[in-house]
Every structure is written in C-alpha cells, then in structure tokens.
file coords-v7.cif (mmCIF, C-alpha atoms)
data_run
#
loop_
_atom_site.label_atom_id
_atom_site.label_comp_id
_atom_site.auth_asym_id
_atom_site.auth_seq_id
_atom_site.Cartn_x
_atom_site.Cartn_y
_atom_site.Cartn_z
CA ILE Y 23 -21.29 -4.67 5.14
CA ILE Y 24 -17.58 -5.59 5.47
CA VAL Y 25 -15.49 -8.34 3.91
CA THR Y 26 -12.23 -8.52 5.86
CA ALA Y 27 -13.37 -10.12 9.13
CA SER Y 28 -14.88 -13.23 7.53
CA ARG Y 29 -13.44 -13.02 3.97
CA SER Y 30 -17.01 -12.63 2.69
CA LYS Y 31 -19.72 -9.99 2.84
CA SER Y 32 -21.17 -9.84 6.36
CA PRO Y 33 -23.14 -7.21 8.32
CA LEU Y 34 -21.00 -5.46 10.90
CA LYS Y 35 -23.49 -6.21 13.70
CA ASP Y 36 -23.11 -9.98 13.15
CA LEU Y 37 -19.32 -10.07 13.59
CA PRO Y 38 -17.69 -10.72 16.98
CA ALA Y 39 -14.35 -9.10 16.07
CA ASN Y 40 -13.06 -5.68 17.18
CA ILE Y 41 -13.50 -3.70 13.97
CA THR Y 42 -12.91 -0.10 12.87
CA ILE Y 43 -14.00 1.25 9.48
CA ILE Y 44 -12.52 4.45 8.03
CA LYS Y 45 -14.72 5.87 5.26
CA THR Y 46 -14.19 8.27 2.37
CA GLU Y 47 -15.69 11.20 4.26
CA ASP Y 48 -13.20 10.60 7.08
CA VAL Y 49 -10.31 10.85 4.63
CA GLU Y 50 -11.63 14.13 3.25
CA LYS Y 51 -11.91 15.63 6.73
CA VAL Y 52 -8.39 14.71 7.85
CA ARG Y 53 -6.61 15.22 4.47
CA PRO Y 54 -3.58 13.05 5.36
CA ARG Y 55 -0.41 12.89 3.30
CA SER Y 56 -0.20 9.08 3.44
CA VAL Y 57 -2.36 6.11 4.44
CA ASP Y 58 -0.36 5.33 7.57
CA GLU Y 59 -0.81 8.94 8.72
CA LEU Y 60 -4.56 8.46 8.22
CA LEU Y 61 -4.48 5.34 10.40
CA GLY Y 62 -2.57 7.16 13.13
CA LYS Y 63 -5.16 9.94 13.29
CA LEU Y 64 -8.41 7.99 13.00
CA ALA Y 65 -7.77 4.40 14.14
CA PRO Y 66 -7.52 3.86 17.92
CA ASP Y 67 -4.94 1.41 19.27
CA VAL Y 68 -2.92 1.51 16.04
CA ASN Y 69 0.81 1.78 16.85
CA ILE Y 70 2.97 3.85 14.49
CA GLN Y 71 6.75 3.75 14.75
CA GLU Y 72 7.99 7.03 13.38
CA SER Y 73 11.03 7.28 11.13
CA ARG Y 74 13.46 10.10 10.52
CA PHE Y 75 12.52 9.75 6.84
CA SER Y 76 9.15 11.48 6.76
CA GLN Y 77 6.38 9.88 4.66
CA THR Y 78 8.45 6.85 3.69
CA ARG Y 79 7.86 3.14 3.93
CA THR Y 80 10.12 2.76 6.95
CA ARG Y 81 7.25 3.76 9.25
CA GLN Y 82 5.82 0.62 10.86
CA VAL Y 83 2.13 0.26 11.70
CA THR Y 84 1.21 -2.57 14.08
CA LEU Y 85 -1.83 -3.74 16.04
CA ARG Y 86 -2.34 -5.15 19.52
CA GLY Y 87 1.17 -4.13 20.61
CA ILE Y 88 2.93 -6.81 18.54
CA PRO Y 89 6.18 -5.01 17.54
CA ASP Y 90 6.64 -6.61 14.14
CA GLN Y 91 5.26 -5.24 10.88
CA GLY Y 92 5.29 -8.76 9.49
CA LYS Y 93 2.67 -9.81 12.08
CA THR Y 94 0.11 -7.17 11.08
CA LEU Y 95 -1.24 -8.08 7.66
CA VAL Y 96 -1.83 -5.16 5.29
CA LEU Y 97 -3.94 -5.67 2.17
CA ILE Y 98 -4.94 -3.57 -0.82
CA ASP Y 99 -8.28 -4.81 -2.17
CA GLY Y 100 -7.65 -8.07 -0.33
CA ILE Y 101 -4.14 -8.53 -1.80
CA PRO Y 102 -1.10 -8.67 0.57
CA ILE Y 103 1.57 -6.04 -0.13
CA HIS Y 104 4.33 -7.00 2.32
CA SER Y 105 7.88 -7.13 1.02
CA PRO Y 106 9.92 -10.33 1.49
CA TRP Y 107 12.55 -8.11 3.14
CA HIS Y 108 11.52 -8.05 6.84
CA GLY Y 109 7.88 -7.54 5.88
CA TRP Y 110 8.40 -3.87 4.95
CA LEU Y 111 5.52 -1.99 3.33
CA ASP Y 112 5.21 0.71 0.73
CA TRP Y 113 2.55 2.88 2.37
CA ASN Y 114 2.61 5.20 -0.62
CA LEU Y 115 1.54 2.50 -3.07
CA THR Y 116 -2.01 3.88 -2.79
CA PRO Y 117 -2.49 7.59 -2.03
CA PRO Y 118 -5.24 8.59 0.47
CA GLU Y 119 -7.26 10.20 -2.35
CA ASN Y 120 -7.70 6.73 -3.86
CA VAL Y 121 -9.09 5.14 -0.66
CA ASP Y 122 -12.77 4.20 -0.55
CA ARG Y 123 -12.60 2.73 2.95
CA ILE Y 124 -10.22 0.94 5.32
CA GLU Y 125 -11.33 -2.08 7.36
CA ILE Y 126 -9.23 -2.74 10.48
CA ILE Y 127 -9.57 -6.03 12.35
CA ARG Y 128 -7.79 -6.18 15.72
CA GLY Y 129 -6.66 -9.41 17.27
CA PRO Y 130 -5.42 -12.68 15.78
CA VAL Y 131 -7.21 -13.86 12.66
CA SER Y 132 -4.58 -16.40 11.67
CA SER Y 133 -7.24 -19.03 11.00
CA LEU Y 134 -8.33 -16.98 8.00
CA TYR Y 135 -5.13 -15.20 6.94
CA GLY Y 136 -2.16 -17.19 8.26
CA SER Y 137 0.63 -16.33 10.68
CA GLY Y 138 1.09 -12.85 9.21
CA ALA Y 139 -2.17 -11.75 10.89
CA MET Y 140 -1.33 -12.41 14.55
CA GLY Y 141 -1.85 -8.75 15.40
CA GLY Y 142 -4.72 -8.14 13.00
CA VAL Y 143 -5.54 -7.11 9.45
CA ILE Y 144 -5.69 -3.73 7.70
CA ASN Y 145 -7.53 -3.91 4.38
CA ILE Y 146 -7.29 -0.79 2.17
CA ILE Y 147 -10.15 -0.85 -0.35
CA THR Y 148 -9.69 1.50 -3.30
CA LYS Y 149 -12.31 3.60 -5.02
CA LEU Y 150 -14.39 2.64 -8.03
CA PRO Y 151 -16.55 5.41 -9.58
CA ILE Y 152 -20.29 4.86 -9.87
CA GLN Y 153 -20.89 7.83 -12.19
CA PRO Y 154 -20.83 7.39 -16.00
CA ARG Y 155 -17.85 9.73 -16.20
CA GLN Y 156 -15.79 11.39 -13.50
CA THR Y 157 -12.66 13.56 -13.50
CA ILE Y 158 -11.04 15.04 -10.40
CA PHE Y 159 -8.04 17.36 -10.43
CA LYS Y 160 -6.30 18.63 -7.28
CA CYS Y 161 -3.07 20.56 -6.79
CA SER Y 162 -1.35 22.41 -3.98
CA TYR Y 163 1.90 24.29 -3.40
CA GLY Y 164 3.78 25.16 -0.22
CA ASN Y 165 7.08 26.42 1.12
CA MET Y 166 10.40 24.72 0.37
CA ASN Y 167 9.18 24.33 -3.22
CA THR Y 168 6.70 21.62 -2.19
CA GLY Y 169 4.10 20.68 -4.77
CA VAL Y 170 1.35 18.04 -4.94
CA LEU Y 171 -0.70 17.06 -7.98
CA ASP Y 172 -3.55 14.49 -8.00
CA ILE Y 173 -5.61 13.38 -11.01
CA LEU Y 174 -8.45 10.85 -11.03
CA GLN Y 175 -10.29 9.67 -14.13
CA GLY Y 176 -12.99 7.03 -13.97
CA GLY Y 177 -16.32 5.87 -15.24
CA SER Y 178 -19.04 3.26 -14.92
CA PHE Y 179 -21.07 1.64 -17.69
CA GLU Y 180 -23.46 -1.33 -17.82
CA LYS Y 181 -20.92 -4.12 -17.24
CA PHE Y 182 -17.67 -2.21 -16.94
CA ALA Y 183 -16.20 0.25 -14.44
CA TYR Y 184 -12.71 1.69 -14.19
CA SER Y 185 -10.60 4.23 -12.32
CA ILE Y 186 -7.13 5.58 -13.06
CA THR Y 187 -5.36 7.85 -10.59
CA GLY Y 188 -2.04 9.67 -10.65
CA HIS Y 189 -0.22 11.27 -7.71
CA PHE Y 190 2.92 13.45 -7.93
CA PHE Y 191 4.77 14.92 -4.96
CA TYR Y 192 7.97 16.98 -4.87
CA THR Y 193 9.83 18.96 -2.23
CA ASP Y 194 13.26 20.53 -1.96
CA GLY Y 195 13.29 19.40 1.66
CA TYR Y 196 15.30 20.88 4.48
CA ILE Y 197 18.74 20.78 6.12
CA ALA Y 198 18.46 18.90 9.42
CA GLU Y 199 22.00 19.38 10.77
CA LYS Y 200 22.52 22.27 13.18
CA THR Y 201 26.18 22.59 12.15
CA LYS Y 202 26.26 22.74 8.37
CA CYS Y 203 29.10 20.85 6.68
CA PRO Y 204 30.22 21.13 3.03
CA TYR Y 205 28.60 17.80 2.13
CA ASN Y 206 25.19 18.60 3.68
CA ILE Y 207 22.27 19.16 1.30
CA LYS Y 208 18.51 19.34 1.76
CA ARG Y 209 16.56 16.15 2.40
CA ASN Y 210 14.65 16.39 -0.85
CA ARG Y 211 12.01 13.92 -1.99
CA LYS Y 212 10.22 13.06 -5.23
CA GLN Y 213 7.32 10.62 -5.57
CA LEU Y 214 5.32 9.43 -8.57
CA ASN Y 215 2.36 7.08 -8.15
CA VAL Y 216 -0.06 5.54 -10.68
CA ASN Y 217 -3.05 3.34 -9.77
CA SER Y 218 -5.65 1.68 -11.99
CA LYS Y 219 -8.60 -0.62 -11.31
CA PHE Y 220 -10.89 -2.29 -13.85
CA VAL Y 221 -14.03 -4.29 -13.04
CA PHE Y 222 -15.97 -6.37 -15.57
CA LYS Y 223 -19.35 -7.72 -14.51
CA TYR Y 224 -19.51 -11.05 -16.32
CA GLU Y 225 -22.94 -11.96 -14.95
CA SER Y 226 -25.31 -10.45 -12.40
CA ASN Y 227 -23.59 -12.43 -9.63
CA SER Y 228 -19.99 -12.69 -10.87
CA PHE Y 229 -17.26 -10.24 -11.84
CA PHE Y 230 -13.56 -9.94 -12.67
CA THR Y 231 -11.28 -7.30 -11.13
CA LEU Y 232 -7.89 -6.25 -12.54
CA GLY Y 233 -5.71 -3.95 -10.48
CA LEU Y 234 -2.34 -2.36 -11.26
CA ALA Y 235 -0.31 0.04 -9.12
CA HIS Y 236 3.19 1.49 -9.30
CA ASN Y 237 5.04 3.81 -6.92
CA ASN Y 238 8.45 5.42 -7.33
CA ASP Y 239 9.95 7.13 -4.30
CA ARG Y 240 13.34 8.85 -4.33
CA PHE Y 241 14.59 10.75 -1.31
CA GLY Y 242 17.91 11.99 -0.01
CA ARG Y 243 19.35 11.53 3.46
CA GLY Y 244 21.00 14.92 3.70
CA ARG Y 245 24.18 14.21 1.69
CA ARG Y 246 24.75 14.39 -2.04
CA TYR Y 247 25.70 10.71 -2.49
CA SER Y 248 23.36 9.17 0.07
CA ASN Y 249 19.98 8.44 -1.50
CA PHE Y 250 17.15 5.92 -1.75
CA ASP Y 251 15.45 5.10 -5.05
CA MET Y 252 12.58 2.67 -4.42
CA ASN Y 253 10.07 1.19 -6.86
CA THR Y 254 7.07 -1.00 -6.02
CA THR Y 255 4.72 -2.58 -8.56
CA LEU Y 256 1.53 -4.46 -7.67
CA GLY Y 257 -0.67 -6.43 -10.05
CA TYR Y 258 -3.63 -8.70 -9.35
CA LEU Y 259 -6.55 -10.43 -11.01
CA THR Y 260 -9.52 -11.71 -9.02
CA TYR Y 261 -12.76 -13.48 -9.86
CA ASN Y 262 -15.79 -13.42 -7.56
CA LYS Y 263 -19.02 -15.36 -7.82
CA GLU Y 264 -21.92 -15.21 -5.38
CA LEU Y 265 -24.91 -17.58 -5.28
CA GLU Y 266 -27.69 -17.86 -2.73
CA ASN Y 267 -25.90 -20.15 -0.26
CA ILE Y 268 -22.38 -20.30 -1.63
CA SER Y 269 -19.72 -17.86 -2.82
CA TRP Y 270 -16.13 -18.16 -3.93
CA GLN Y 271 -13.18 -16.04 -4.98
CA ALA Y 272 -9.98 -16.88 -6.85
CA SER Y 273 -7.02 -14.53 -7.22
CA LEU Y 274 -3.58 -14.30 -8.78
CA HIS Y 275 -1.26 -11.53 -7.61
CA SER Y 276 2.33 -10.35 -7.79
CA THR Y 277 4.33 -7.65 -5.98
CA TYR Y 278 7.76 -6.53 -7.19
CA HIS Y 279 10.15 -4.28 -5.24
CA HIS Y 280 13.32 -2.74 -6.67
CA TRP Y 281 15.47 -0.62 -4.37
CA LEU Y 282 18.70 1.24 -5.10
CA VAL Y 283 20.50 2.58 -2.01
CA ASP Y 284 23.45 4.94 -2.50
CA PHE Y 285 26.21 5.09 0.12
CA ASP Y 286 28.99 7.68 0.40
CA ARG Y 287 32.28 7.14 2.19
CA PRO Y 288 33.28 8.87 5.45
CA PRO Y 289 34.84 11.12 6.54
CA ASP Y 290 34.69 13.32 3.43
CA TYR Y 291 31.29 12.14 2.07
CA ASN Y 292 32.10 13.75 -1.25
CA TYR Y 293 31.84 10.79 -3.63
CA LEU Y 294 29.78 7.67 -4.22
CA TYR Y 295 31.23 4.62 -2.49
CA SER Y 296 28.74 1.82 -3.22
CA VAL Y 297 25.23 1.05 -4.43
CA GLU Y 298 23.09 -1.74 -2.98
CA ASP Y 299 20.65 -3.23 -5.47
CA PHE Y 300 17.63 -5.10 -4.04
CA ASN Y 301 15.23 -7.12 -6.19
CA MET Y 302 12.33 -8.71 -4.31
CA MET Y 303 9.26 -10.48 -5.62
CA ASN Y 304 6.11 -12.09 -4.25
CA ILE Y 305 3.89 -14.25 -6.45
CA GLY Y 306 0.75 -15.71 -4.92
CA THR Y 307 -2.53 -17.42 -5.61
CA SER Y 308 -5.55 -18.03 -3.42
CA PHE Y 309 -8.96 -19.67 -3.53
CA GLU Y 310 -11.75 -19.09 -1.01
CA LEU Y 311 -15.06 -20.90 -0.62
CA ASN Y 312 -17.87 -19.80 1.71
CA THR Y 313 -20.88 -22.04 2.32
CA HIS Y 314 -23.89 -21.06 4.42
CA LEU Y 315 -25.10 -23.89 6.65
CA GLY Y 316 -28.50 -22.76 7.75
CA LYS Y 317 -29.30 -19.30 9.06
CA TRP Y 318 -26.59 -18.90 11.70
CA ASN Y 319 -23.63 -20.97 10.48
CA LYS Y 320 -21.09 -20.58 7.72
CA LEU Y 321 -18.19 -22.77 6.61
CA THR Y 322 -15.11 -21.02 5.19
CA SER Y 323 -12.36 -22.95 3.46
CA GLY Y 324 -9.57 -22.14 1.05
CA LEU Y 325 -6.05 -22.52 -0.25
CA ASP Y 326 -3.27 -19.96 -0.25
CA SER Y 327 0.14 -20.23 -1.90
CA LYS Y 328 3.00 -17.72 -2.12
CA TYR Y 329 6.51 -17.71 -3.59
CA SER Y 330 9.01 -15.08 -2.41
CA ASN Y 331 12.47 -14.24 -3.68
CA VAL Y 332 15.09 -11.73 -2.51
CA ASN Y 333 18.22 -10.86 -4.49
CA GLN Y 334 20.72 -8.36 -3.06
CA LYS Y 335 23.87 -7.10 -4.81
CA ALA Y 336 26.47 -4.52 -3.75
CA LYS Y 337 28.32 -2.52 -6.41
CA TYR Y 338 31.45 -0.69 -5.28
CA LYS Y 339 32.66 2.32 -7.17
#

call {"tool": "encode", "arguments": {"input": "coords-v7.cif", "output": "structure tokens"}}
result
Amino acid sequence: IIVTASRSKSPLKDLPANITIIKTEDVEKVRPRSVDELLGKLAPDVNIQESRFSQTRTRQVTLRGIPDQGKTLVLIDGIPIHSPWHGWLDWNLTPPENVDRIEIIRGPVSSLYGSGAMGGVINIITKLPIQPRQTIFKCSYGNMNTGVLDILQGGSFEKFAYSITGHFFYTDGYIAEKTKCPYNIKRNRKQLNVNSKFVFKYESNSFFTLGLAHNNDRFGRGRRYSNFDMNTTLGYLTYNKELENISWQASLHSTYHHWLVDFDRPPDYNYLYSVEDFNMMNIGTSFELNTHLGKWNKLTSGLDSKYSNVNQKAKYK
C-alpha cells in the first residue's frame, strides 16, 4: 500500500506509475550517511549531482533527467521541503535512521502535485513506533575525530503514538589543498538534528499528526573565515479521515531557512570581509478529497496554497 502516486492509500499493483519503494530493512543494509546517499545507492535512474561539500544540501537529486531540483518534488510525510531559494533542499533534515520508507514516483505527476513535480516525486515517510516503549541508542567514532551519535525514543498507546529522534555528527575534516597556505584549515563540519512526530487517533477512522524537525549544519570551506551556518525548521499539522467510499486530508505546514555565509577577502584571506544573511520561509495549506466512484474509478480533487518569502542582507565588516 502506497500513498504518493494517488495521494491516497492504493495497492501497488493497481497503480500505472513507475514506482520504487525503499524500506527500513534496505536502509539498515546500506547504512548511508544521508538520505540522498541512500537514494543514489538503491533507487535506479535517480540522478545525483555531487558537490565539493560532502553531505551538504548542495547535492541535487533529480528524476527523469530534468536538471532542476525545483522540478523534482521532495516531501517529508507528504509535506514539501523545498527552499524558496532556487528550490534547494536540506537533505539532512531527516537522518536515514528516522526513515520508515521512501516512495519514489518517476515521471510527471503535475496533475496531483503541481509544476514542481515534472520529473517526479520523492516522499520520505518517517518512522512511528508500534511498541509500547522503545529506545534506540547508536554511536560510532572514526579517524579525523569523526563522531556520530543517534538517539530514538518512542512509544505507542491506545490512541497516541510518538517518536523523538536526535542526531549529532562532528568531524575535524581534512585539508584539500595540495600546496598548504597559511590560511588553509581543515574542512570541518558539525551537524545537530532533532525530529519529533506525534499521532493522535481521534476516532477509529480519523487521526491528527503533528511533526516538528530542526537541523543545524555548520561547515568550513577550508579557510578560517569562510564558513556556512545553515538552519532549517519544519513544522506541520495534518488531519486525515477515511470512510468507506470517501477520504480527505487537510494540512498546515511551514518551513523556515536561516543561512549565514561568511566570506573572507583575497589575497590574504586572514580576516572576515562580509556575512550574507538569508531568511527564507514557506507557509502552505492543502486540502485533498478522494471519492470512489464504483469499483474501478476514483475522483481526486483538492486545493493547495503556498506563500514564500526570501530576505537577503549583506553585512560588511
């Protein structure tokens, strides 16, 4: 049963689309460092544009050869996460350990998702524990003072289920330049991620879902005063109700991006020259209605609204 191809629960065998599903057991076998790395290893025909900044949001993932990240729609639990700035994505907003499954729909599905889905849709569905109480703790350490810590706490009761995850990553990095200069330092990186998901079953056929996620990523570009400090916050509230021949979903969501980019001045590169301050916000609402017309037909309708704002300032030292 998948939900992305028709925006409602449908058996995979009944859908005409080209679909790939990545499951939890696939994630555990591959053990990727980020979701886009997972897609590159397990999803055929997914194009990944590598970046010189490893594991950062500048890596673009596209479908069907359309070279524009803004034309491949990426969702977390059905909520779009694209930035208003060129459609960039924070692939680290949800760590791989928090992924329940990923549904990938290739080909244009603009009739259901708008112009942002000309290449296809990637829907990252996060975990929700089914056990009364669950705690998972993972840690690892490697060379270059690289450490990873993951914590998951969750539980499921009669009408309530929740999960809270934390992910911390740190590395001293490396020096990329063959000829070392006085201003060269290691390309260090530090990441802190927190995810939470709460589900309240109001009735046997209806439930509310509240999701919150925050990711802070700071990494250097090999010089003391050349750094990125990027924050992304996602929040959403959805309501689902399913009857025998009709179902609907309403959602309210917001994504906020705050980036600070440090620039040093050539040729000495020994002091801070300027800081670019980006503030970007998406606020959206949607309503979907699915009606079954007999055994073989279904009518899908809905409304979707989004407000985007970008504010960029440059501060010179």

call {"tool": "atom_distance", "arguments": {"input": "coords-v7.cif", "atom1": "CA of Ser308 (chain Y)", "atom2": "CA of Ile101 (chain Y)"}}
result
9.7 Å

call {"tool": "residues_around", "arguments": {"input": "coords-v7.cif", "residues": "region 212-215 of chain Y", "least_positions_apart": "6", "cutoff": "7 Å", "atoms": "only C-alpha atoms", "output": "compact mmCIF listing (two decimals) with C-alpha atoms, keeping the file's coordinate frame"}}
result
# COMPACT_ATOMS: atom_id res chain seq x y z
CA LEU Y 115 1.54 2.50 -3.07
CA GLY Y 188 -2.04 9.67 -10.65
CA HIS Y 189 -0.22 11.27 -7.71
CA PHE Y 190 2.92 13.45 -7.93
CA PHE Y 191 4.77 14.92 -4.96
CA TYR Y 192 7.97 16.98 -4.87
CA THR Y 193 9.83 18.96 -2.23
CA HIS Y 236 3.19 1.49 -9.30
CA ASN Y 237 5.04 3.81 -6.92
CA ASN Y 238 8.45 5.42 -7.33
CA ASP Y 239 9.95 7.13 -4.30
CA ARG Y 240 13.34 8.85 -4.33
CA PHE Y 241 14.59 10.75 -1.31

call {"tool": "closest_residue", "arguments": {"input": "coords-v7.cif", "among": "Y:Leu60, Y:Met303, Y:Ile43, Y:Val68", "to": "Ile103 (chain Y)", "atoms": "only C-alpha atoms"}}
result
Y:Met303

call {"tool": "closest_residue", "arguments": {"input": "coords-v7.cif", "among": "Y:Thr254, Y:Ser178, Y:Thr187, Y:Asn167", "to": "Asn210 (chain Y)", "atoms": "only C-alpha atoms"}}
result
Y:Asn167

call {"tool": "residues_around", "arguments": {"input": "coords-v7.cif", "residues": "Asp284 (chain Y)", "least_positions_apart": "2", "cutoff": "6 Å", "atoms": "only C-alpha atoms", "output": "list in words"}}
result
Ser248, Asn249 and Val297 of chain Y
